[in-house]
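Reproduced below: protein_25.cif, with mmCIF, C-alpha atoms.
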data_work
loop_
_atom_site.label_atom_id
_atom_site.label_comp_id
_atom_site.auth_asym_id
_atom_site.auth_seq_id
_atom_site.Cartn_x
_atom_site.Cartn_y
_atom_site.Cartn_z
CA MET A 1 -5.83 23.19 29.68
CA ASN A 2 -4.26 25.72 27.27
CA PHE A 3 -6.63 28.65 27.75
CA ASP A 4 -5.16 30.71 24.91
CA ARG A 5 -5.70 27.84 22.48
CA ILE A 6 -9.24 27.22 23.76
CA LYS A 7 -10.00 30.91 23.37
CA GLU A 8 -8.70 30.83 19.81
CA LYS A 9 -10.78 27.74 18.97
CA LEU A 10 -13.85 29.36 20.47
CA SER A 11 -13.34 32.48 18.37
CA ILE A 12 -12.98 30.47 15.15
CA LEU A 13 -15.75 27.93 15.72
CA ALA A 14 -18.30 30.34 17.18
CA ASP A 15 -17.83 32.64 14.18
CA ALA A 16 -18.27 29.70 11.79
CA ALA A 17 -21.55 28.74 13.49
CA LYS A 18 -23.20 32.14 12.96
CA TYR A 19 -24.57 31.15 9.54
CA ASP A 20 -26.93 28.59 11.08
CA VAL A 21 -30.13 30.31 12.24
CA SER A 22 -32.14 27.22 13.19
CA CYS A 23 -31.47 27.46 16.93
CA SER A 24 -34.90 28.00 18.45
CA SER A 25 -35.82 25.64 21.28
CA SER A 26 -39.59 26.11 21.38
CA GLY A 27 -41.45 23.08 22.64
CA SER A 28 -38.86 21.55 24.93
CA LYS A 29 -39.49 20.80 28.60
CA ARG A 30 -36.73 19.14 30.55
CA THR A 31 -37.03 19.72 34.28
CA ASN A 32 -34.16 19.70 36.72
CA LYS A 33 -33.78 16.50 38.70
CA LYS A 34 -31.40 15.10 41.31
CA LYS A 35 -29.99 18.58 41.97
CA GLY A 36 -28.48 18.72 38.51
CA LEU A 37 -27.50 21.72 36.42
CA GLY A 38 -29.92 23.72 34.32
CA ASP A 39 -33.56 23.57 33.40
CA SER A 40 -34.89 23.72 29.84
CA SER A 41 -38.31 25.33 30.06
CA GLY A 42 -41.00 25.31 27.40
CA MET A 43 -40.37 29.00 26.73
CA GLY A 44 -37.24 28.23 24.73
CA ILE A 45 -33.56 29.00 24.55
CA CYS A 46 -32.25 31.08 21.66
CA HIS A 47 -30.51 34.36 20.83
CA THR A 48 -33.62 36.46 21.21
CA TYR A 49 -36.24 37.83 23.59
CA THR A 50 -39.13 35.64 24.73
CA ALA A 51 -42.73 36.81 24.81
CA ASP A 52 -42.34 37.95 28.44
CA GLY A 53 -39.25 40.03 27.60
CA ARG A 54 -36.68 37.53 28.90
CA CYS A 55 -33.40 37.47 26.98
CA VAL A 56 -32.03 33.96 26.61
CA SER A 57 -28.79 32.71 25.13
CA LEU A 58 -26.88 29.56 24.32
CA LEU A 59 -23.38 28.50 23.44
CA LYS A 60 -23.50 28.19 19.64
CA ILE A 61 -20.41 26.58 18.14
CA LEU A 62 -19.10 24.05 15.66
CA LEU A 63 -17.27 20.99 16.91
CA THR A 64 -14.94 21.58 13.97
CA ASN A 65 -14.80 23.63 10.79
CA HIS A 66 -12.83 20.92 8.96
CA CYS A 67 -15.02 19.40 6.24
CA ILE A 68 -14.59 16.74 3.57
CA PHE A 69 -17.12 18.45 1.27
CA ASP A 70 -16.63 21.42 -1.04
CA CYS A 71 -20.09 23.04 -1.12
CA ALA A 72 -19.82 26.35 -2.98
CA TYR A 73 -22.10 28.23 -0.56
CA CYS A 74 -20.37 27.13 2.66
CA VAL A 75 -17.65 29.09 4.42
CA THR A 76 -16.14 25.88 5.85
CA ARG A 77 -15.87 24.06 2.48
CA LYS A 78 -12.59 22.20 2.12
CA SER A 79 -11.19 24.44 -0.65
CA ASN A 80 -11.69 27.65 1.34
CA ASP A 81 -8.46 29.12 2.71
CA ILE A 82 -9.52 29.75 6.30
CA LYS A 83 -8.10 29.03 9.73
CA ARG A 84 -9.19 25.57 10.86
CA ALA A 85 -9.82 24.31 14.37
CA ALA A 86 -11.46 21.42 16.20
CA PHE A 87 -12.65 20.99 19.77
CA LYS A 88 -12.08 17.84 21.73
CA VAL A 89 -15.29 16.38 23.13
CA GLN A 90 -14.33 17.17 26.72
CA GLU A 91 -13.47 20.75 25.82
CA VAL A 92 -17.02 21.40 24.62
CA VAL A 93 -18.40 19.77 27.77
CA ASP A 94 -16.18 21.90 30.00
CA LEU A 95 -16.99 25.11 28.12
CA THR A 96 -20.72 24.46 28.37
CA ILE A 97 -20.60 23.77 32.11
CA ASN A 98 -18.27 26.68 32.87
CA PHE A 99 -20.33 29.14 30.84
CA TYR A 100 -23.50 27.87 32.45
CA ARG A 101 -22.11 28.23 35.98
CA ARG A 102 -21.21 31.84 35.17
CA ASN A 103 -24.76 32.44 33.91
CA TYR A 104 -23.54 33.26 30.39
CA ILE A 105 -25.74 30.63 28.71
CA GLU A 106 -28.76 28.42 29.25
CA GLY A 107 -27.95 25.70 26.76
CA LEU A 108 -25.85 24.42 23.88
CA PHE A 109 -26.29 24.55 20.11
CA LEU A 110 -23.70 22.22 18.59
CA SER A 111 -23.06 21.71 14.89
CA SER A 112 -20.03 20.54 12.96
CA GLY A 113 -18.25 20.28 9.66
CA ILE A 114 -18.06 16.69 8.46
CA PHE A 115 -14.66 15.12 9.02
CA LYS A 116 -13.75 11.53 8.07
CA ASN A 117 -17.40 10.56 7.48
CA ALA A 118 -20.94 11.21 8.65
CA ASP A 119 -21.07 8.52 11.37
CA TYR A 120 -17.73 9.49 12.91
CA THR A 121 -18.83 13.13 13.15
CA MET A 122 -22.27 12.24 14.55
CA GLU A 123 -20.72 9.95 17.17
CA ARG A 124 -18.66 12.85 18.52
CA LEU A 125 -21.63 15.19 18.65
CA ILE A 126 -23.63 12.60 20.56
CA LEU A 127 -20.74 11.99 22.95
CA VAL A 128 -20.79 15.67 23.96
CA ALA A 129 -24.50 15.51 24.77
CA LYS A 130 -24.15 12.16 26.51
CA LYS A 131 -21.36 13.41 28.78
CA LEU A 132 -23.33 16.53 29.65
CA ARG A 133 -26.44 14.52 30.56
CA LEU A 134 -24.91 11.51 32.30
CA GLU A 135 -21.62 12.76 33.76
CA GLU A 136 -22.47 16.42 34.47
CA ASN A 137 -26.18 15.88 35.16
CA PHE A 138 -26.91 18.83 32.87
CA ASN A 139 -30.63 19.42 32.27
CA GLY A 140 -30.37 22.54 30.15
CA TYR A 141 -31.31 22.76 26.49
CA ILE A 142 -29.21 20.87 23.94
CA HIS A 143 -29.68 21.22 20.19
CA LEU A 144 -27.61 18.88 18.01
CA LYS A 145 -27.25 19.16 14.26
CA SER A 146 -27.97 15.87 12.54
CA ILE A 147 -25.24 14.94 10.09
CA PRO A 148 -26.56 14.03 6.60
CA GLY A 149 -25.99 10.33 5.96
CA ALA A 150 -25.64 9.35 9.63
CA SER A 151 -26.94 5.87 10.52
CA ASP A 152 -30.37 5.25 12.02
CA ASP A 153 -28.82 3.86 15.20
CA LEU A 154 -26.88 7.07 15.79
CA MET A 155 -29.92 9.25 15.07
CA TYR A 156 -31.91 7.27 17.62
CA GLU A 157 -29.20 7.73 20.25
CA ALA A 158 -28.92 11.45 19.51
CA GLY A 159 -32.61 11.94 20.26
CA LEU A 160 -32.21 10.41 23.73
CA TYR A 161 -29.84 13.18 24.84
CA ALA A 162 -30.79 16.22 22.72
CA ASP A 163 -33.89 18.35 23.10
CA ARG A 164 -33.95 19.18 19.41
CA LEU A 165 -32.33 17.67 16.32
CA SER A 166 -31.99 19.38 12.98
CA VAL A 167 -30.49 18.57 9.61
CA ASN A 168 -30.27 21.47 7.18
CA ILE A 169 -31.79 20.84 3.76
CA GLU A 170 -29.40 23.62 2.66
CA ILE A 171 -30.69 24.32 -0.88
CA PRO A 172 -34.47 24.29 -1.56
CA THR A 173 -34.39 22.20 -4.74
CA GLN A 174 -32.51 19.11 -5.88
CA ASN A 175 -31.25 20.91 -9.00
CA GLY A 176 -29.86 23.74 -6.89
CA LEU A 177 -28.06 21.31 -4.61
CA LYS A 178 -26.60 19.45 -7.59
CA LEU A 179 -25.29 22.73 -8.99
CA LEU A 180 -23.60 23.99 -5.81
CA ALA A 181 -22.83 20.76 -3.92
CA PRO A 182 -22.47 17.98 -6.52
CA GLU A 183 -20.80 15.67 -3.94
CA LYS A 184 -23.94 15.61 -1.80
CA ASN A 185 -27.03 13.46 -2.19
CA ARG A 186 -30.41 14.91 -1.21
CA GLU A 187 -31.47 11.52 0.15
CA ASP A 188 -28.73 11.79 2.79
CA PHE A 189 -30.54 14.86 4.18
CA LEU A 190 -33.95 13.18 4.20
CA LYS A 191 -32.87 9.89 5.79
CA PRO A 192 -32.12 11.30 9.29
CA MET A 193 -35.29 13.44 9.11
CA LYS A 194 -37.33 10.30 8.49
CA LYS A 195 -35.69 8.43 11.38
CA VAL A 196 -36.27 11.27 13.84
CA ARG A 197 -39.90 11.65 12.71
CA ASN A 198 -40.55 7.93 13.19
CA GLU A 199 -38.93 7.86 16.63
CA ILE A 200 -40.93 10.89 17.82
CA VAL A 201 -44.17 9.24 16.69
CA LYS A 202 -43.12 5.98 18.34
CA TYR A 203 -42.20 7.72 21.60
CA LYS A 204 -45.53 9.54 21.82
CA SER A 205 -47.39 6.29 21.21
CA GLU A 206 -45.40 4.31 23.78
CA LYS A 207 -45.58 7.10 26.36
CA LYS A 208 -49.34 6.69 26.50
CA LEU A 209 -48.89 3.07 27.58
CA ILE A 210 -45.59 3.16 29.50
CA LYS A 211 -44.94 6.29 31.54
CA SER A 212 -41.24 5.46 31.97
CA THR A 213 -40.54 5.54 28.21
CA PRO A 214 -37.32 7.58 27.69
CA VAL A 215 -37.84 11.11 26.39
CA TYR A 216 -36.97 11.44 22.71
CA ALA A 217 -36.18 14.85 21.15
CA PRO A 218 -38.96 16.67 23.07
CA ALA A 219 -38.53 19.86 21.00
CA GLY A 220 -38.83 17.93 17.73
CA GLN A 221 -36.72 18.64 14.67
CA SER A 222 -36.11 21.63 12.45
CA THR A 223 -34.29 22.45 9.22
CA GLN A 224 -32.89 25.42 7.34
CA MET A 225 -32.80 26.51 3.71
CA ILE A 226 -30.43 29.01 2.12
CA VAL A 227 -32.34 31.68 0.21
CA GLY A 228 -30.82 33.54 -2.74
CA ALA A 229 -27.83 31.32 -3.51
CA THR A 230 -29.71 29.74 -6.41
CA ASN A 231 -32.54 30.97 -8.64
CA GLU A 232 -35.54 29.23 -7.03
CA THR A 233 -38.77 31.18 -6.94
CA ASP A 234 -40.50 31.88 -3.62
CA ALA A 235 -43.19 29.40 -4.68
CA GLN A 236 -40.59 26.62 -5.05
CA ILE A 237 -39.12 27.45 -1.64
CA MET A 238 -42.50 27.36 0.09
CA TYR A 239 -43.55 24.12 -1.63
CA THR A 240 -40.37 22.53 -0.29
CA ALA A 241 -41.11 23.88 3.18
CA ALA A 242 -44.70 22.62 3.08
CA HIS A 243 -43.46 19.16 2.04
CA LEU A 244 -41.02 19.07 4.98
CA TYR A 245 -43.70 20.16 7.45
CA LYS A 246 -46.18 17.58 6.22
CA LYS A 247 -43.95 14.56 5.59
CA TYR A 248 -41.32 14.96 8.30
CA LYS A 249 -43.39 16.80 10.95
CA MET A 250 -40.90 19.67 11.21
CA LYS A 251 -41.26 21.95 14.19
CA ARG A 252 -39.78 24.81 12.19
CA VAL A 253 -38.33 25.50 8.77
CA TYR A 254 -35.83 28.38 8.82
CA TYR A 255 -34.93 30.61 5.90
CA SER A 256 -31.44 32.10 5.75
CA GLY A 257 -30.57 34.81 3.25
CA TYR A 258 -27.37 33.89 1.43
CA VAL A 259 -24.32 35.89 2.52
CA PRO A 260 -21.90 36.11 -0.45
CA ILE A 261 -18.60 34.60 0.69
CA SER A 262 -17.10 33.18 -2.48
CA TYR A 263 -15.79 34.27 -5.88
CA ASP A 264 -17.73 31.63 -7.77
CA SER A 265 -19.62 32.16 -11.03
CA ARG A 266 -22.43 29.92 -9.75
CA LEU A 267 -23.16 32.26 -6.85
CA PRO A 268 -24.14 35.92 -6.34
CA ALA A 269 -21.01 38.09 -6.45
CA ILE A 270 -19.32 39.24 -3.27
CA GLY A 271 -20.83 42.59 -2.36
CA THR A 272 -24.33 41.53 -3.45
CA GLU A 273 -26.86 42.56 -0.83
CA VAL A 274 -28.06 39.83 1.54
CA PRO A 275 -31.78 39.22 0.75
CA MET A 276 -33.02 40.13 4.23
CA LEU A 277 -36.35 41.49 3.01
CA ARG A 278 -37.05 38.35 1.00
CA GLU A 279 -36.15 36.23 4.02
CA ASN A 280 -38.63 38.21 6.12
CA ARG A 281 -41.42 37.75 3.55
CA LEU A 282 -40.81 34.00 3.48
CA TYR A 283 -41.16 33.82 7.28
CA GLN A 284 -44.42 35.76 7.05
CA THR A 285 -45.68 33.33 4.40
CA ASP A 286 -44.61 30.36 6.53
CA TRP A 287 -46.65 31.81 9.41
CA LEU A 288 -49.73 32.24 7.22
CA LEU A 289 -49.52 28.65 6.01
CA ARG A 290 -49.08 27.17 9.48
CA PHE A 291 -51.45 29.27 11.57
CA TYR A 292 -53.84 31.24 9.35
CA GLY A 293 -55.28 28.52 7.14
CA PHE A 294 -53.83 29.74 3.84
CA SER A 295 -52.73 27.36 1.11
CA ILE A 296 -49.61 27.95 -0.98
CA ASP A 297 -51.68 28.33 -4.17
CA GLU A 298 -53.51 31.27 -2.65
CA LEU A 299 -50.30 33.15 -1.86
CA LEU A 300 -47.97 31.94 -4.62
CA ASN A 301 -48.79 30.50 -8.05
CA GLN A 302 -47.80 30.66 -11.72
CA LYS A 303 -49.08 34.21 -12.09
CA HIS A 304 -47.51 35.26 -8.81
CA PRO A 305 -44.40 33.05 -8.27
CA ASN A 306 -42.57 35.54 -6.02
CA LEU A 307 -43.66 37.51 -2.98
CA ASP A 308 -44.07 41.28 -3.17
CA SER A 309 -41.20 43.15 -1.59
CA ASP A 310 -43.10 46.26 -0.52
CA ILE A 311 -46.13 44.67 1.18
CA ASP A 312 -46.63 41.60 3.35
CA PRO A 313 -48.08 38.41 1.80
CA LYS A 314 -51.48 38.64 3.51
CA LEU A 315 -52.02 42.18 2.25
CA SER A 316 -50.82 41.13 -1.21
CA TRP A 317 -53.36 38.29 -1.26
CA ALA A 318 -56.17 40.57 -0.07
CA LEU A 319 -55.46 43.16 -2.78
CA ARG A 320 -55.70 40.40 -5.41
CA ASN A 321 -59.01 39.21 -3.93
CA LEU A 322 -60.97 42.38 -3.19
CA HIS A 323 -64.18 40.55 -4.16
CA LEU A 324 -63.98 38.78 -0.77
CA PHE A 325 -64.03 42.07 1.11
CA PRO A 326 -65.14 43.99 3.09
CA VAL A 327 -65.67 41.57 5.96
CA ASP A 328 -68.28 42.43 8.58
CA ILE A 329 -66.33 42.38 11.82
CA ASN A 330 -69.48 41.69 13.85
CA LYS A 331 -70.63 38.68 11.81
CA ALA A 332 -67.61 37.00 10.20
CA ASP A 333 -66.30 33.66 11.43
CA LYS A 334 -62.81 33.04 12.80
CA GLN A 335 -61.22 32.14 9.45
CA GLN A 336 -62.63 35.21 7.69
CA LEU A 337 -61.42 37.50 10.48
CA ALA A 338 -57.93 35.98 10.38
CA ARG A 339 -57.62 36.83 6.68
CA ILE A 340 -58.08 40.56 7.17
CA PRO A 341 -54.74 42.38 6.73
CA GLY A 342 -53.65 43.93 10.01
CA VAL A 343 -55.63 41.48 12.14
CA GLY A 344 -53.59 38.87 14.02
CA LEU A 345 -54.82 35.74 15.77
CA LYS A 346 -54.82 37.38 19.19
CA SER A 347 -56.99 40.16 17.79
CA VAL A 348 -59.33 37.59 16.26
CA TYR A 349 -59.83 36.07 19.71
CA LYS A 350 -60.49 39.51 21.22
CA ILE A 351 -63.06 40.31 18.54
CA LEU A 352 -64.90 37.00 19.00
CA GLN A 353 -65.06 37.54 22.76
CA ALA A 354 -65.98 41.23 22.70
CA ARG A 355 -68.80 40.97 20.17
CA LYS A 356 -70.68 38.60 22.46
CA TYR A 357 -71.57 41.68 24.51
CA ARG A 358 -71.99 44.45 21.95
CA LYS A 359 -71.43 45.48 18.34
CA LEU A 360 -67.93 46.70 17.69
CA GLY A 361 -66.99 50.05 16.17
CA TRP A 362 -63.71 51.58 15.04
CA HIS A 363 -62.78 52.84 18.51
CA HIS A 364 -63.22 49.33 19.96
CA LEU A 365 -60.99 47.83 17.27
CA LYS A 366 -58.35 50.48 17.83
CA LYS A 367 -58.24 49.67 21.55
CA MET A 368 -57.71 46.00 20.69
CA GLY A 369 -54.47 46.91 18.92
CA ILE A 370 -55.61 46.13 15.39
CA ALA A 371 -53.48 47.76 12.67
CA LEU A 372 -56.25 49.92 11.28
CA ASN A 373 -53.97 51.60 8.75
CA ARG A 374 -54.32 48.31 6.82
CA ALA A 375 -57.44 46.68 8.24
CA GLN A 376 -59.79 49.64 7.63
CA TYR A 377 -59.81 48.98 3.88
CA PHE A 378 -61.04 45.41 4.30
CA MET A 379 -63.70 45.52 7.01
CA VAL A 380 -66.96 47.11 8.06
CA CYS A 381 -68.13 47.53 11.64
CA ASP A 382 -70.77 49.33 13.71
CA SER A 383 -70.01 52.71 12.15
CA ARG A 384 -71.00 54.91 9.21
CA ASP A 385 -67.47 56.08 8.60
CA PHE A 386 -66.56 53.40 6.05
CA LEU A 387 -65.88 55.23 2.77
CA LYS A 388 -63.36 52.93 1.10
CA ALA A 389 -65.69 50.59 -0.79
CA ASP A 390 -64.98 52.02 -4.25
CA MET A 391 -61.18 52.19 -3.98
CA SER A 392 -59.06 50.12 -6.34
CA ALA A 393 -56.32 47.75 -5.20
CA GLN A 394 -53.66 50.19 -6.41
CA GLN A 395 -55.25 53.09 -4.49
CA ILE A 396 -55.44 51.03 -1.29
CA LYS A 397 -51.83 49.89 -1.67
CA SER A 398 -50.63 53.44 -2.30
CA ASN A 399 -52.44 54.74 0.79
CA ILE A 400 -51.05 51.99 3.02
CA LEU A 401 -47.48 52.46 1.79
CA THR A 402 -47.72 56.24 2.22
CA GLN A 403 -49.00 55.98 5.79
CA GLY A 404 -47.09 52.89 6.93
CA LYS A 405 -43.68 52.50 8.52
CA SER A 406 -41.25 49.65 7.89
CA LYS A 407 -37.61 49.08 8.74
CA TYR A 408 -37.30 47.66 5.20
CA LYS A 409 -38.74 50.78 3.51
CA PRO A 410 -35.31 51.95 2.21
CA LEU A 411 -35.14 48.69 0.21
CA PHE A 412 -38.52 49.12 -1.51
CA ASN A 413 -37.58 51.57 -4.26
CA SER A 414 -34.66 49.52 -5.52
CA GLN A 415 -36.73 46.32 -5.69
CA LEU A 416 -40.16 47.42 -6.85
CA ASN A 417 -39.31 47.03 -10.54
CA LEU A 418 -38.55 43.34 -10.00
CA PHE A 419 -42.14 42.55 -9.07
CA GLU A 420 -44.25 44.86 -11.28
#
Write out the structure in this file as C-alpha cells.
Amino acid sequence: MNFDRIKEKLSILADAAKYDVSCSSSGSKRTNKKKGLGDSSGMGICHTYTADGRCVSLLKILLTNHCIFDCAYCVTRKSNDIKRAAFKVQEVVDLTINFYRRNYIEGLFLSSGIFKNADYTMERLILVAKKLRLEENFNGYIHLKSIPGASDDLMYEAGLYADRLSVNIEIPTQNGLKLLAPEKNREDFLKPMKKVRNEIVKYKSEKKLIKSTPVYAPAGQSTQMIVGATNETDAQIMYTAAHLYKKYKMKRVYYSGYVPISYDSRLPAIGTEVPMLRENRLYQTDWLLRFYGFSIDELLNQKHPNLDSDIDPKLSWALRNLHLFPVDINKADKQQLARIPGVGLKSVYKILQARKYRKLGWHHLKKMGIALNRAQYFMVCDSRDFLKADMSAQQIKSNILTQGKSKYKPLFNSQLNLFE
C-alpha cells in the first residue's frame, strides 16, 4: 500500500465530505456478535457530544470527488478545477478497520460523487459496507449516502448492510434545482427515498411475525437541504421538510447554510456570509413541528414567510398571539405548557409531576431550570409578583433581547431590517 498516496486521498476526500451535515446515527442498535469489531449503540455516532457528555466520531469521506454532474452549488461539480481522487473499495475498508482499532472512530459515513452512472456508484458504496460486515465482521455504525437514480434492487441491498441511508434533496424546491442543477431530475431523489421507506415498513411488519427477518436500515433515512443558495422563503423550506417527514418517514431533515464556493451569477457571491443564524432558526422550527405540536401555518404563513432573526420561532409565535397568554402554570395541560417560550419538554414533565403535590411559584420554576427571562411574560403561577399583563409585544421583545444572551447576537443588528 502506498501510504503517501492514501494519505493524500484521505486529505482530499475527507475535506470534500465536510459539506454534508446529515451524519447523525440516532436510532440505530447493532450489537456485537461472534466476537466481531464495534458496537453501534442507540446513543448514536456523529461529530458531536451525546447527552451524557460522550464525544463520538466517525470516518467521514467520499469514495470519490469525480462527478458527471455540474451542479452550480457543489464543490465537486465536474467543471470545478480541483484536485480529484478516488478510493478503491478495499482502501476504504482497510482505513475504517485500522482507524477503529486505534480508537479514532466508531463508525463510517460514506458518500460519493457520481462517476459513470448512479448504479455503478451505488454498487461500490454497498461493496464497502458488505465487506466490512461480512469479511471484517464489523458491527459499528455505517451510514451510506443513497445515490439519486439508483435502482430499487441496489437500495434494498444497501439497507441490509447500512444502519442509515440518506439521499440529499439538495435544493428545497423544484424550481431552485432546475436553476442550479438542470441536469438533475427531482424524481431521481425521491425514488430511493420511497424504496427505503417501503422496505422499512415491510421489515417492521415481517419482524412481528418472523423474528429472524434481516435487519433493514435500523436508523432509518435522512436528507439534507441547502439553505441560502436560492431564494426560497423559510415557509417553502419547512413545507418541503414537512412533506418529506410525512411521505417518506424521514428520521431527520438537515439544513445546511450555503457556503459560497463559486463565481456564478446564479449564486450568492464569494465572500457572502454563510447563513448560520437562519440555519439555526430552521432547526428550531423543525423541532417545534416534530415535538411541540405546532403546525407550519402557525409559525410561517403569507404574512410571516420568514423566521425572525433576533428571536426564536416559539417566542415569535407567542408575541403574535398574546391573546392566548398568560398560561396558568398550575392548571394548563401539557400542550399549553409546551407552547410557553422558555419552557422545554423536560420542564413540562417536571411541572406536571411537581404540581401534583403543591402549587408552584416562581422559585419552584427557577429550580426546574425554566428560562424565566422569557417564560415570565407568558405565565402566571402561585405568586402575586406577576406585573407584565399590560405589556405590549414590542415591550416584551425589547426586554427579552436586552436581558438575553446569544452567540448570534452580533448578527442581529445587521439583519433586523430584513424582517421588520
**OP:** Name the residues captured by the PyMOL selection byres ((chain A and resi 116-120) around 8) when it is applied to the shown file; answer as a PyMOL selection string.
**Re:** chain A and resi 68+114-115+121-124+147-151+154
Subject >> Minimum-distance residue to Leu132 (chain A), chosen among A:Ala338, A:Tyr161, A:Ile370, A:Ile311 (using only C-alpha atoms) >> reply: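 Among A:Ala338, A:Tyr161, A:Ile370, A:Ile311, it is A:Tyr161 that comes nearest to Leu132 (chain A).
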**OP:** Given the file shown, determine the residues that the PyMOL selection byres ((chain A and resi 290) around 12) selects; report them as a ChimeraX atom specification.
**Re:** /A:238,241-242,245-246,249-253,283-289,291-296
Subject >> Reference answer for the PyMOL selection byres ((chain A and resi 355) around 12), as a list of chain:residue names >> reply: A:Asp328, A:Ile329, A:Asn330, A:Lys331, A:Ala332, A:Asp333, A:Val348, A:Tyr349, A:Lys350, A:Ile351, A:Leu352, A:Gln353, A:Ala354, A:Lys356, A:Tyr357, A:Arg358, A:Lys359, A:Leu360, A:Gly361, A:His364, A:Leu365, A:Cys381, A:Asp382
For the residues in that selection, give me C-alpha atoms as a compact mmCIF listing (two decimals), in the frame of the given file.
# COMPACT_ATOMS: atom_id res chain seq x y z
CA ASP A 328 -68.28 42.43 8.58
CA ILE A 329 -66.33 42.38 11.82
CA ASN A 330 -69.48 41.69 13.85
CA LYS A 331 -70.63 38.68 11.81
CA ALA A 332 -67.61 37.00 10.20
CA ASP A 333 -66.30 33.66 11.43
CA VAL A 348 -59.33 37.59 16.26
CA TYR A 349 -59.83 36.07 19.71
CA LYS A 350 -60.49 39.51 21.22
CA ILE A 351 -63.06 40.31 18.54
CA LEU A 352 -64.90 37.00 19.00
CA GLN A 353 -65.06 37.54 22.76
CA ALA A 354 -65.98 41.23 22.70
CA LYS A 356 -70.68 38.60 22.46
CA TYR A 357 -71.57 41.68 24.51
CA ARG A 358 -71.99 44.45 21.95
CA LYS A 359 -71.43 45.48 18.34
CA LEU A 360 -67.93 46.70 17.69
CA GLY A 361 -66.99 50.05 16.17
CA HIS A 364 -63.22 49.33 19.96
CA LEU A 365 -60.99 47.83 17.27
CA CYS A 381 -68.13 47.53 11.64
CA ASP A 382 -70.77 49.33 13.71
**OP:** Between A:Arg101, A:His304, A:His66, A:His243, single out the one closest to Leu190 (chain A), counting all atoms listed in the file.
**Re:**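 For Leu190 (chain A), the nearest of the given residues is A:His243.
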Determine the axis-aligned bounding box of all atoms of region 156-165 of chain A present in the file, pad each side by 3 Å, and express its centre and edge lengths in Å to one decimal place as JSON.
{"center_x": -31.4, "center_y": 13.2, "center_z": 20.6, "size_x": 11.0, "size_y": 17.9, "size_z": 14.5}
Original post:
Could you state the separation of CA of Arg164 (chain A) and CA of Leu110 (chain A) in Å, given to one decimal place?
Top reply: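 If I compute the distance from CA of Arg164 (chain A) to CA of Leu110 (chain A), I get 10.7 Å.
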**OP:** For Lys78 (chain A), please output as a PyMOL selection string all residues within 8 Å (counting all atoms listed in the file; exclusion window: fewer than 2 positions along the same chain).
**Re:** chain A and resi 66-70+76+80
Nearby residues (all atoms listed in the file) at most 8 Å from Arg278 (chain A), same-chain spacing under 3 positions excluded, as an mmCIF file with C-alpha atoms, in the frame of the given file:
data_model
loop_
_atom_site.group_PDB
_atom_site.id
_atom_site.type_symbol
_atom_site.label_atom_id
_atom_site.label_comp_id
_atom_site.auth_asym_id
_atom_site.auth_seq_id
_atom_site.Cartn_x
_atom_site.Cartn_y
_atom_site.Cartn_z
ATOM 1 C CA GLY A 257 -30.570 34.810 3.250
ATOM 2 C CA PRO A 275 -31.780 39.220 0.750
ATOM 3 C CA ARG A 281 -41.420 37.750 3.550
ATOM 4 C CA LEU A 282 -40.810 34.000 3.480
ATOM 5 C CA LEU A 307 -43.660 37.510 -2.980
ATOM 6 C CA SER A 309 -41.200 43.150 -1.590
#
**OP:** Would you work out the distance separating CA of Val327 (chain A) from CA of Leu315 (chain A), expressed in Å to one decimal?
**Re:** 14.2 Å
Original post:
What's the 12 Å shell around Thr223 (chain A), counting all atoms listed in the file, without same-chain residues fewer than 5 positions away, as a ChimeraX atom specification?
Top reply: /A:20-24,143-148,164-172,189-190,192-193,240-241,244-245,248-256
Original post:
By how many Å are CA of Leu108 (chain A) and CA of Gly140 (chain A) apart?
Top reply: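 Separating CA of Leu108 (chain A) from CA of Gly140 (chain A) is a distance of 8.0 Å.
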**OP:** Tell me which of A:Pro341, A:Gly176, A:Pro260, A:Gly271 sits closest to Lys397 (chain A), counting only C-alpha atoms.
**Re:**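 Once distances to Lys397 (chain A) are computed over only C-alpha atoms, the minimum belongs to A:Pro341.
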**OP:** Select, from A:Ser316, A:Gln174, A:Ser222, A:Thr402, the residue with the minimum atom-to-atom distance to Val196 (chain A), counting only C-alpha atoms.
**Re:**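 The answer is A:Ser222, which sits nearest to Val196 (chain A).
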Subject >> Long-range neighbours of Gln90 (chain A) as a ChimeraX atom specification, 9 Å cut-off, all atoms listed in the file, 5 positions minimum in chain >> reply: /A:95,128,131
